[in-house]
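Undergrad: Please see the structure below; I have some questions.
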Amino acid sequence: MDFSIDCARAMGILFVVAGHAQGPWPLEKAIYSLHMPLFFLLSGHLSNPAPLYQLIIKKSKTLLAPFVLTALVSFLCFGNGSWA
């Protein structure tokens with residue numbers, strides 16, 4: 001892995017800590033406007049591009065199936081909520 005990415009992530013973490021330290025307002029605003037875009041750029045740089053249909057299939061298996069199962073169990077246990 002590239003060492004510069006690790007350094008940028010470490011700087012981002014330090015910016016988060018400094019932003020929560022309640023410094024002067026202009027400095028705090030500058031820090032908050034920097035650290036989140038930095039993390040988004042780094043995560044986008046490290047992601048593996050995949051076709052949209054593969055992403056939909058993968059997310060359906062990992063997110064949609066557990067959601068439907070949980071909703072079904074909840075409905076069977078608690079009904080439609082009309083008694084509440």
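Chain identifiers are assigned as A, B, and so on, following the order in which chains appear in the structure tokens; residues are numbered from 1 within each chain, and ligands are numbered from 1 in order of appearance.
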Pick out the residues sitting within 12 Å of stretch 16-23 of chain A, and hand them over as a compact mmCIF listing (two decimals) with all heavy atoms, in the first residue's frame; count only C-alpha atoms, and ignore anything fewer than 2 positions along from it in its own chain.
TA:
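The resulting file, around_25.txt, is reproduced below:
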```
# COMPACT_ATOMS: atom_id res chain seq x y z
N ARG A 9 -4.41 9.71 5.64
CA ARG A 9 -5.42 9.23 6.59
C ARG A 9 -5.06 9.67 8.01
O ARG A 9 -5.94 10.06 8.79
CB ARG A 9 -5.53 7.72 6.52
CG ARG A 9 -6.21 7.27 5.24
CD ARG A 9 -6.17 5.79 5.01
NE ARG A 9 -6.56 5.01 6.18
CZ ARG A 9 -6.34 3.71 6.28
NH1 ARG A 9 -5.73 3.06 5.31
NH2 ARG A 9 -6.73 3.07 7.34
N ALA A 10 -3.79 9.60 8.36
CA ALA A 10 -3.36 10.04 9.70
C ALA A 10 -3.61 11.54 9.88
O ALA A 10 -4.07 11.97 10.95
CB ALA A 10 -1.88 9.72 9.90
N MET A 11 -3.35 12.32 8.84
CA MET A 11 -3.63 13.76 8.93
C MET A 11 -5.12 14.00 9.09
O MET A 11 -5.55 14.87 9.86
CB MET A 11 -3.10 14.48 7.69
CG MET A 11 -1.60 14.63 7.66
SD MET A 11 -0.94 15.37 6.15
CE MET A 11 -2.12 16.57 5.70
N GLY A 12 -5.93 13.23 8.38
CA GLY A 12 -7.38 13.37 8.51
C GLY A 12 -7.85 13.07 9.92
O GLY A 12 -8.72 13.76 10.46
N ILE A 13 -7.29 12.04 10.53
CA ILE A 13 -7.65 11.70 11.91
C ILE A 13 -7.24 12.82 12.85
O ILE A 13 -7.99 13.20 13.76
CB ILE A 13 -7.00 10.36 12.31
CG1 ILE A 13 -7.65 9.22 11.52
CG2 ILE A 13 -7.12 10.12 13.81
CD1 ILE A 13 -6.94 7.90 11.66
N LEU A 14 -6.06 13.39 12.64
CA LEU A 14 -5.63 14.52 13.47
C LEU A 14 -6.53 15.72 13.27
O LEU A 14 -6.83 16.45 14.24
CB LEU A 14 -4.18 14.88 13.15
CG LEU A 14 -3.14 13.85 13.59
CD1 LEU A 14 -1.74 14.27 13.13
CD2 LEU A 14 -3.17 13.67 15.10
N TRP A 25 -13.26 29.72 16.03
CA TRP A 25 -14.29 29.39 15.06
C TRP A 25 -13.78 29.30 13.62
O TRP A 25 -14.10 28.33 12.93
CB TRP A 25 -15.45 30.39 15.15
CG TRP A 25 -16.55 30.05 14.21
CD1 TRP A 25 -17.48 29.07 14.35
CD2 TRP A 25 -16.80 30.65 12.95
NE1 TRP A 25 -18.31 29.04 13.27
CE2 TRP A 25 -17.90 30.01 12.39
CE3 TRP A 25 -16.19 31.68 12.24
CZ2 TRP A 25 -18.42 30.35 11.15
CZ3 TRP A 25 -16.70 32.03 11.02
CH2 TRP A 25 -17.81 31.37 10.48
N PRO A 26 -12.99 30.27 13.11
CA PRO A 26 -12.54 30.12 11.70
C PRO A 26 -11.67 28.88 11.48
O PRO A 26 -11.79 28.21 10.47
CB PRO A 26 -11.74 31.40 11.44
CG PRO A 26 -12.18 32.37 12.48
CD PRO A 26 -12.57 31.55 13.67
N LEU A 27 -10.83 28.58 12.46
CA LEU A 27 -9.98 27.39 12.33
C LEU A 27 -10.84 26.11 12.39
O LEU A 27 -10.64 25.19 11.60
CB LEU A 27 -8.93 27.37 13.44
CG LEU A 27 -7.98 26.18 13.45
CD1 LEU A 27 -7.16 26.15 12.16
CD2 LEU A 27 -7.08 26.23 14.66
N GLU A 28 -11.80 26.10 13.28
CA GLU A 28 -12.69 24.95 13.39
C GLU A 28 -13.48 24.74 12.10
O GLU A 28 -13.63 23.62 11.63
CB GLU A 28 -13.64 25.17 14.56
CG GLU A 28 -14.53 24.01 14.87
CD GLU A 28 -15.41 24.29 16.07
OE1 GLU A 28 -14.99 25.02 16.98
OE2 GLU A 28 -16.54 23.77 16.07
N LYS A 29 -13.96 25.82 11.51
CA LYS A 29 -14.72 25.73 10.26
C LYS A 29 -13.83 25.21 9.14
O LYS A 29 -14.26 24.39 8.32
CB LYS A 29 -15.31 27.08 9.90
CG LYS A 29 -16.20 27.04 8.70
CD LYS A 29 -17.25 28.12 8.84
CE LYS A 29 -18.16 28.15 7.66
NZ LYS A 29 -19.22 27.18 7.72
N ALA A 30 -12.59 25.67 9.07
CA ALA A 30 -11.66 25.21 8.04
C ALA A 30 -11.36 23.72 8.21
O ALA A 30 -11.31 22.98 7.22
CB ALA A 30 -10.37 26.02 8.10
N ILE A 31 -11.18 23.29 9.45
CA ILE A 31 -10.89 21.88 9.70
C ILE A 31 -12.07 21.01 9.30
O ILE A 31 -11.93 19.97 8.65
CB ILE A 31 -10.50 21.66 11.17
CG1 ILE A 31 -9.11 22.25 11.43
CG2 ILE A 31 -10.53 20.19 11.54
CD1 ILE A 31 -8.70 22.26 12.88
N TYR A 32 -13.29 21.45 9.68
CA TYR A 32 -14.48 20.66 9.35
C TYR A 32 -14.73 20.62 7.84
O TYR A 32 -15.28 19.65 7.33
CB TYR A 32 -15.71 21.20 10.07
CG TYR A 32 -15.89 20.59 11.43
CD1 TYR A 32 -15.69 21.33 12.58
CD2 TYR A 32 -16.25 19.26 11.57
CE1 TYR A 32 -15.85 20.78 13.82
CE2 TYR A 32 -16.41 18.69 12.81
CZ TYR A 32 -16.21 19.45 13.93
OH TYR A 32 -16.36 18.89 15.16
N SER A 33 -14.33 21.65 7.13
CA SER A 33 -14.54 21.64 5.68
C SER A 33 -13.46 20.83 4.96
O SER A 33 -13.57 20.62 3.76
CB SER A 33 -14.57 23.07 5.14
OG SER A 33 -13.31 23.68 5.29
N LEU A 34 -12.45 20.38 5.68
CA LEU A 34 -11.35 19.66 5.06
C LEU A 34 -11.38 18.16 5.33
O LEU A 34 -11.15 17.36 4.43
CB LEU A 34 -10.01 20.24 5.54
CG LEU A 34 -8.76 19.52 5.06
CD1 LEU A 34 -8.59 19.72 3.56
CD2 LEU A 34 -7.55 20.02 5.80
N HIS A 35 -11.67 17.76 6.57
CA HIS A 35 -11.43 16.35 6.91
C HIS A 35 -12.43 15.39 6.27
O HIS A 35 -12.04 14.30 5.87
CB HIS A 35 -11.34 16.15 8.42
CG HIS A 35 -12.63 16.17 9.17
ND1 HIS A 35 -13.20 17.34 9.60
CD2 HIS A 35 -13.44 15.17 9.57
CE1 HIS A 35 -14.30 17.06 10.24
NE2 HIS A 35 -14.48 15.75 10.23
N MET A 36 -13.69 15.74 6.14
CA MET A 36 -14.63 14.82 5.51
C MET A 36 -14.38 14.65 4.01
O MET A 36 -14.36 13.52 3.52
CB MET A 36 -16.07 15.25 5.78
CG MET A 36 -16.53 14.96 7.19
SD MET A 36 -16.25 13.27 7.72
CE MET A 36 -17.36 12.40 6.68
N PRO A 37 -14.16 15.74 3.26
CA PRO A 37 -13.81 15.52 1.85
C PRO A 37 -12.53 14.69 1.68
O PRO A 37 -12.42 13.91 0.75
CB PRO A 37 -13.63 16.92 1.30
CG PRO A 37 -14.45 17.79 2.18
CD PRO A 37 -14.37 17.16 3.54
N LEU A 38 -11.59 14.85 2.61
CA LEU A 38 -10.36 14.07 2.54
C LEU A 38 -10.66 12.58 2.66
O LEU A 38 -10.17 11.77 1.87
CB LEU A 38 -9.39 14.50 3.64
CG LEU A 38 -8.09 13.71 3.75
CD1 LEU A 38 -7.24 13.93 2.51
CD2 LEU A 38 -7.34 14.09 5.00
N PHE A 39 -11.50 12.21 3.62
CA PHE A 39 -11.86 10.79 3.78
C PHE A 39 -12.65 10.28 2.58
O PHE A 39 -12.47 9.15 2.14
CB PHE A 39 -12.64 10.57 5.07
CG PHE A 39 -11.78 10.61 6.30
CD1 PHE A 39 -12.05 11.48 7.33
CD2 PHE A 39 -10.68 9.77 6.43
CE1 PHE A 39 -11.26 11.52 8.46
CE2 PHE A 39 -9.89 9.78 7.56
CZ PHE A 39 -10.18 10.68 8.57
```
Undergrad: Step one, run DSSP on the backbone; step two, keep only residues of chain A assigned to alpha helix (DSSP H); then write them as an mmCIF file with N, CA, C and O atoms, in the first residue's frame.
TA:
```
data_model
loop_
_atom_site.group_PDB
_atom_site.id
_atom_site.type_symbol
_atom_site.label_atom_id
_atom_site.label_comp_id
_atom_site.auth_asym_id
_atom_site.auth_seq_id
_atom_site.Cartn_x
_atom_site.Cartn_y
_atom_site.Cartn_z
ATOM 1 N N PHE A 3 2.435 4.599 1.043
ATOM 2 C CA PHE A 3 2.664 5.255 2.331
ATOM 3 C C PHE A 3 2.016 6.634 2.387
ATOM 4 O O PHE A 3 1.580 7.073 3.458
ATOM 5 N N SER A 4 1.909 7.314 1.256
ATOM 6 C CA SER A 4 1.309 8.652 1.258
ATOM 7 C C SER A 4 -0.181 8.600 1.609
ATOM 8 O O SER A 4 -0.710 9.524 2.238
ATOM 9 N N ILE A 5 -0.858 7.524 1.243
ATOM 10 C CA ILE A 5 -2.271 7.376 1.612
ATOM 11 C C ILE A 5 -2.401 7.202 3.120
ATOM 12 O O ILE A 5 -3.281 7.793 3.749
ATOM 13 N N ASP A 6 -1.512 6.423 3.713
ATOM 14 C CA ASP A 6 -1.529 6.264 5.168
ATOM 15 C C ASP A 6 -1.267 7.596 5.868
ATOM 16 O O ASP A 6 -1.897 7.908 6.881
ATOM 17 N N CYS A 7 -0.350 8.385 5.333
ATOM 18 C CA CYS A 7 -0.064 9.699 5.914
ATOM 19 C C CYS A 7 -1.272 10.631 5.789
ATOM 20 O O CYS A 7 -1.593 11.366 6.730
ATOM 21 N N ALA A 8 -1.946 10.588 4.661
ATOM 22 C CA ALA A 8 -3.131 11.434 4.475
ATOM 23 C C ALA A 8 -4.244 11.006 5.431
ATOM 24 O O ALA A 8 -4.949 11.851 5.996
ATOM 25 N N ARG A 9 -4.407 9.713 5.641
ATOM 26 C CA ARG A 9 -5.415 9.234 6.591
ATOM 27 C C ARG A 9 -5.057 9.665 8.010
ATOM 28 O O ARG A 9 -5.935 10.061 8.789
ATOM 29 N N ALA A 10 -3.791 9.600 8.364
ATOM 30 C CA ALA A 10 -3.357 10.038 9.701
ATOM 31 C C ALA A 10 -3.611 11.537 9.878
ATOM 32 O O ALA A 10 -4.068 11.971 10.946
ATOM 33 N N MET A 11 -3.346 12.317 8.845
ATOM 34 C CA MET A 11 -3.628 13.758 8.927
ATOM 35 C C MET A 11 -5.124 13.997 9.087
ATOM 36 O O MET A 11 -5.547 14.866 9.856
ATOM 37 N N GLY A 12 -5.930 13.233 8.380
ATOM 38 C CA GLY A 12 -7.380 13.370 8.506
ATOM 39 C C GLY A 12 -7.854 13.070 9.919
ATOM 40 O O GLY A 12 -8.718 13.760 10.460
ATOM 41 N N ILE A 13 -7.289 12.038 10.532
ATOM 42 C CA ILE A 13 -7.646 11.700 11.913
ATOM 43 C C ILE A 13 -7.241 12.823 12.851
ATOM 44 O O ILE A 13 -7.990 13.200 13.760
ATOM 45 N N LEU A 14 -6.061 13.387 12.641
ATOM 46 C CA LEU A 14 -5.632 14.517 13.469
ATOM 47 C C LEU A 14 -6.535 15.723 13.275
ATOM 48 O O LEU A 14 -6.829 16.446 14.236
ATOM 49 N N PHE A 15 -7.015 15.943 12.053
ATOM 50 C CA PHE A 15 -7.956 17.039 11.803
ATOM 51 C C PHE A 15 -9.275 16.806 12.540
ATOM 52 O O PHE A 15 -9.877 17.747 13.070
ATOM 53 N N VAL A 16 -9.734 15.574 12.586
ATOM 54 C CA VAL A 16 -10.969 15.265 13.316
ATOM 55 C C VAL A 16 -10.779 15.570 14.802
ATOM 56 O O VAL A 16 -11.636 16.202 15.439
ATOM 57 N N VAL A 17 -9.658 15.139 15.362
ATOM 58 C CA VAL A 17 -9.382 15.400 16.775
ATOM 59 C C VAL A 17 -9.278 16.900 17.028
ATOM 60 O O VAL A 17 -9.848 17.421 17.991
ATOM 61 N N ALA A 18 -8.574 17.620 16.162
ATOM 62 C CA ALA A 18 -8.431 19.070 16.328
ATOM 63 C C ALA A 18 -9.772 19.777 16.170
ATOM 64 O O ALA A 18 -10.038 20.766 16.865
ATOM 65 N N GLY A 19 -10.633 19.279 15.301
ATOM 66 C CA GLY A 19 -11.943 19.896 15.120
ATOM 67 C C GLY A 19 -12.826 19.739 16.333
ATOM 68 O O GLY A 19 -13.648 20.608 16.632
ATOM 69 N N TRP A 25 -13.256 29.718 16.028
ATOM 70 C CA TRP A 25 -14.291 29.389 15.062
ATOM 71 C C TRP A 25 -13.780 29.299 13.621
ATOM 72 O O TRP A 25 -14.105 28.327 12.933
ATOM 73 N N PRO A 26 -12.988 30.265 13.109
ATOM 74 C CA PRO A 26 -12.538 30.123 11.702
ATOM 75 C C PRO A 26 -11.675 28.883 11.483
ATOM 76 O O PRO A 26 -11.788 28.211 10.469
ATOM 77 N N LEU A 27 -10.832 28.575 12.459
ATOM 78 C CA LEU A 27 -9.979 27.385 12.331
ATOM 79 C C LEU A 27 -10.836 26.113 12.386
ATOM 80 O O LEU A 27 -10.635 25.188 11.599
ATOM 81 N N GLU A 28 -11.796 26.102 13.282
ATOM 82 C CA GLU A 28 -12.686 24.946 13.393
ATOM 83 C C GLU A 28 -13.480 24.743 12.104
ATOM 84 O O GLU A 28 -13.633 23.622 11.634
ATOM 85 N N LYS A 29 -13.958 25.820 11.514
ATOM 86 C CA LYS A 29 -14.715 25.725 10.264
ATOM 87 C C LYS A 29 -13.825 25.208 9.135
ATOM 88 O O LYS A 29 -14.257 24.389 8.322
ATOM 89 N N ALA A 30 -12.586 25.673 9.075
ATOM 90 C CA ALA A 30 -11.657 25.211 8.041
ATOM 91 C C ALA A 30 -11.359 23.720 8.208
ATOM 92 O O ALA A 30 -11.306 22.979 7.217
ATOM 93 N N ILE A 31 -11.179 23.289 9.451
ATOM 94 C CA ILE A 31 -10.887 21.876 9.699
ATOM 95 C C ILE A 31 -12.073 21.012 9.302
ATOM 96 O O ILE A 31 -11.925 19.975 8.652
ATOM 97 N N TYR A 32 -13.293 21.447 9.682
ATOM 98 C CA TYR A 32 -14.479 20.657 9.349
ATOM 99 C C TYR A 32 -14.727 20.616 7.844
ATOM 100 O O TYR A 32 -15.282 19.655 7.328
ATOM 101 N N SER A 33 -14.332 21.648 7.127
ATOM 102 C CA SER A 33 -14.544 21.635 5.679
ATOM 103 C C SER A 33 -13.463 20.835 4.957
ATOM 104 O O SER A 33 -13.565 20.617 3.755
ATOM 105 N N LEU A 34 -12.455 20.382 5.683
ATOM 106 C CA LEU A 34 -11.350 19.658 5.056
ATOM 107 C C LEU A 34 -11.379 18.159 5.334
ATOM 108 O O LEU A 34 -11.146 17.361 4.432
ATOM 109 N N HIS A 35 -11.672 17.757 6.573
ATOM 110 C CA HIS A 35 -11.431 16.353 6.908
ATOM 111 C C HIS A 35 -12.425 15.394 6.269
ATOM 112 O O HIS A 35 -12.042 14.301 5.871
ATOM 113 N N MET A 36 -13.687 15.742 6.144
ATOM 114 C CA MET A 36 -14.633 14.818 5.513
ATOM 115 C C MET A 36 -14.376 14.651 4.010
ATOM 116 O O MET A 36 -14.360 13.521 3.523
ATOM 117 N N PRO A 37 -14.156 15.741 3.264
ATOM 118 C CA PRO A 37 -13.806 15.518 1.847
ATOM 119 C C PRO A 37 -12.529 14.692 1.675
ATOM 120 O O PRO A 37 -12.424 13.906 0.747
ATOM 121 N N LEU A 38 -11.590 14.853 2.609
ATOM 122 C CA LEU A 38 -10.360 14.065 2.539
ATOM 123 C C LEU A 38 -10.663 12.580 2.665
ATOM 124 O O LEU A 38 -10.170 11.767 1.871
ATOM 125 N N PHE A 39 -11.504 12.206 3.621
ATOM 126 C CA PHE A 39 -11.860 10.792 3.781
ATOM 127 C C PHE A 39 -12.648 10.277 2.580
ATOM 128 O O PHE A 39 -12.469 9.148 2.140
ATOM 129 N N PHE A 40 -13.543 11.092 2.013
ATOM 130 C CA PHE A 40 -14.289 10.664 0.829
ATOM 131 C C PHE A 40 -13.351 10.457 -0.358
ATOM 132 O O PHE A 40 -13.488 9.487 -1.106
ATOM 133 N N LEU A 41 -12.414 11.359 -0.562
ATOM 134 C CA LEU A 41 -11.471 11.206 -1.670
ATOM 135 C C LEU A 41 -10.608 9.961 -1.495
ATOM 136 O O LEU A 41 -10.368 9.223 -2.444
ATOM 137 N N LEU A 42 -10.136 9.728 -0.272
ATOM 138 C CA LEU A 42 -9.305 8.545 -0.038
ATOM 139 C C LEU A 42 -10.087 7.256 -0.224
ATOM 140 O O LEU A 42 -9.584 6.294 -0.796
ATOM 141 N N SER A 43 -11.337 7.222 0.246
ATOM 142 C CA SER A 43 -12.112 5.999 0.075
ATOM 143 C C SER A 43 -12.457 5.773 -1.387
ATOM 144 O O SER A 43 -12.492 4.636 -1.857
ATOM 145 N N GLY A 44 -12.703 6.832 -2.136
ATOM 146 C CA GLY A 44 -12.948 6.687 -3.567
ATOM 147 C C GLY A 44 -11.707 6.227 -4.306
ATOM 148 O O GLY A 44 -11.785 5.442 -5.256
ATOM 149 N N HIS A 45 -10.556 6.690 -3.862
ATOM 150 C CA HIS A 45 -9.295 6.288 -4.492
ATOM 151 C C HIS A 45 -9.002 4.816 -4.224
ATOM 152 O O HIS A 45 -8.434 4.126 -5.070
ATOM 153 N N LEU A 46 -9.396 4.321 -3.068
ATOM 154 C CA LEU A 46 -9.083 2.945 -2.698
ATOM 155 C C LEU A 46 -10.150 1.939 -3.112
ATOM 156 O O LEU A 46 -9.976 0.744 -2.949
ATOM 157 N N LEU A 52 -22.350 -1.642 -12.464
ATOM 158 C CA LEU A 52 -23.505 -1.354 -11.624
ATOM 159 C C LEU A 52 -24.319 -2.610 -11.314
ATOM 160 O O LEU A 52 -24.761 -2.806 -10.184
ATOM 161 N N TYR A 53 -24.510 -3.487 -12.305
ATOM 162 C CA TYR A 53 -25.312 -4.690 -12.058
ATOM 163 C C TYR A 53 -24.655 -5.594 -11.024
ATOM 164 O O TYR A 53 -25.338 -6.222 -10.223
ATOM 165 N N GLN A 54 -23.328 -5.669 -11.009
ATOM 166 C CA GLN A 54 -22.644 -6.465 -9.989
ATOM 167 C C GLN A 54 -22.827 -5.853 -8.605
ATOM 168 O O GLN A 54 -23.015 -6.565 -7.618
ATOM 169 N N LEU A 55 -22.802 -4.533 -8.528
ATOM 170 C CA LEU A 55 -23.012 -3.856 -7.258
ATOM 171 C C LEU A 55 -24.430 -4.103 -6.736
ATOM 172 O O LEU A 55 -24.627 -4.373 -5.550
ATOM 173 N N ILE A 56 -25.421 -4.045 -7.633
ATOM 174 C CA ILE A 56 -26.811 -4.272 -7.234
ATOM 175 C C ILE A 56 -27.004 -5.703 -6.736
ATOM 176 O O ILE A 56 -27.646 -5.940 -5.711
ATOM 177 N N ILE A 57 -26.422 -6.669 -7.431
ATOM 178 C CA ILE A 57 -26.534 -8.071 -7.007
ATOM 179 C C ILE A 57 -25.851 -8.280 -5.659
ATOM 180 O O ILE A 57 -26.411 -8.903 -4.754
ATOM 181 N N LYS A 58 -24.670 -7.723 -5.489
ATOM 182 C CA LYS A 58 -23.936 -7.891 -4.240
ATOM 183 C C LYS A 58 -24.689 -7.251 -3.076
ATOM 184 O O LYS A 58 -24.841 -7.855 -2.015
ATOM 185 N N LYS A 59 -25.170 -6.025 -3.267
ATOM 186 C CA LYS A 59 -25.892 -5.333 -2.190
ATOM 187 C C LYS A 59 -27.226 -6.003 -1.900
ATOM 188 O O LYS A 59 -27.687 -5.993 -0.760
ATOM 189 N N ALA A 65 -31.604 -9.107 1.508
ATOM 190 C CA ALA A 65 -32.044 -10.387 2.075
ATOM 191 C C ALA A 65 -32.172 -10.322 3.598
ATOM 192 O O ALA A 65 -33.213 -10.724 4.138
ATOM 193 N N PRO A 66 -31.186 -9.809 4.352
ATOM 194 C CA PRO A 66 -31.373 -9.702 5.804
ATOM 195 C C PRO A 66 -32.514 -8.757 6.192
ATOM 196 O O PRO A 66 -33.228 -9.000 7.168
ATOM 197 N N PHE A 67 -32.709 -7.690 5.434
ATOM 198 C CA PHE A 67 -33.798 -6.760 5.722
ATOM 199 C C PHE A 67 -35.155 -7.450 5.572
ATOM 200 O O PHE A 67 -36.024 -7.326 6.444
ATOM 201 N N VAL A 68 -35.346 -8.192 4.493
ATOM 202 C CA VAL A 68 -36.615 -8.879 4.261
ATOM 203 C C VAL A 68 -36.840 -9.943 5.334
ATOM 204 O O VAL A 68 -37.945 -10.068 5.874
ATOM 205 N N LEU A 69 -35.811 -10.690 5.676
ATOM 206 C CA LEU A 69 -35.930 -11.713 6.713
ATOM 207 C C LEU A 69 -36.295 -11.084 8.062
ATOM 208 O O LEU A 69 -37.187 -11.566 8.761
ATOM 209 N N THR A 70 -35.644 -10.007 8.428
ATOM 210 C CA THR A 70 -35.929 -9.324 9.683
ATOM 211 C C THR A 70 -37.343 -8.752 9.690
ATOM 212 O O THR A 70 -38.057 -8.839 10.698
ATOM 213 N N ALA A 71 -37.759 -8.160 8.577
ATOM 214 C CA ALA A 71 -39.114 -7.620 8.484
ATOM 215 C C ALA A 71 -40.154 -8.730 8.608
ATOM 216 O O ALA A 71 -41.179 -8.559 9.277
ATOM 217 N N LEU A 72 -39.900 -9.875 8.005
ATOM 218 C CA LEU A 72 -40.822 -11.001 8.081
ATOM 219 C C LEU A 72 -40.936 -11.529 9.515
ATOM 220 O O LEU A 72 -42.044 -11.744 10.021
ATOM 221 N N VAL A 73 -39.806 -11.700 10.179
ATOM 222 C CA VAL A 73 -39.818 -12.173 11.566
ATOM 223 C C VAL A 73 -40.515 -11.147 12.456
ATOM 224 O O VAL A 73 -41.325 -11.503 13.327
ATOM 225 N N SER A 74 -40.254 -9.878 12.252
ATOM 226 C CA SER A 74 -40.902 -8.828 13.036
ATOM 227 C C SER A 74 -42.411 -8.828 12.819
ATOM 228 O O SER A 74 -43.188 -8.689 13.770
ATOM 229 N N PHE A 75 -42.830 -8.999 11.583
ATOM 230 C CA PHE A 75 -44.265 -9.034 11.291
ATOM 231 C C PHE A 75 -44.930 -10.247 11.920
ATOM 232 O O PHE A 75 -46.029 -10.167 12.460
ATOM 233 N N LEU A 76 -44.252 -11.390 11.876
ATOM 234 C CA LEU A 76 -44.812 -12.597 12.474
ATOM 235 C C LEU A 76 -44.891 -12.491 13.998
ATOM 236 O O LEU A 76 -45.815 -13.016 14.615
ATOM 237 N N CYS A 77 -43.941 -11.792 14.597
ATOM 238 C CA CYS A 77 -43.936 -11.656 16.062
ATOM 239 C C CYS A 77 -44.885 -10.576 16.542
ATOM 240 O O CYS A 77 -45.554 -10.747 17.569
ATOM 241 N N PHE A 78 -44.937 -9.452 15.846
ATOM 242 C CA PHE A 78 -45.662 -8.297 16.343
ATOM 243 C C PHE A 78 -46.878 -7.907 15.496
ATOM 244 O O PHE A 78 -47.589 -6.971 15.840
#
```
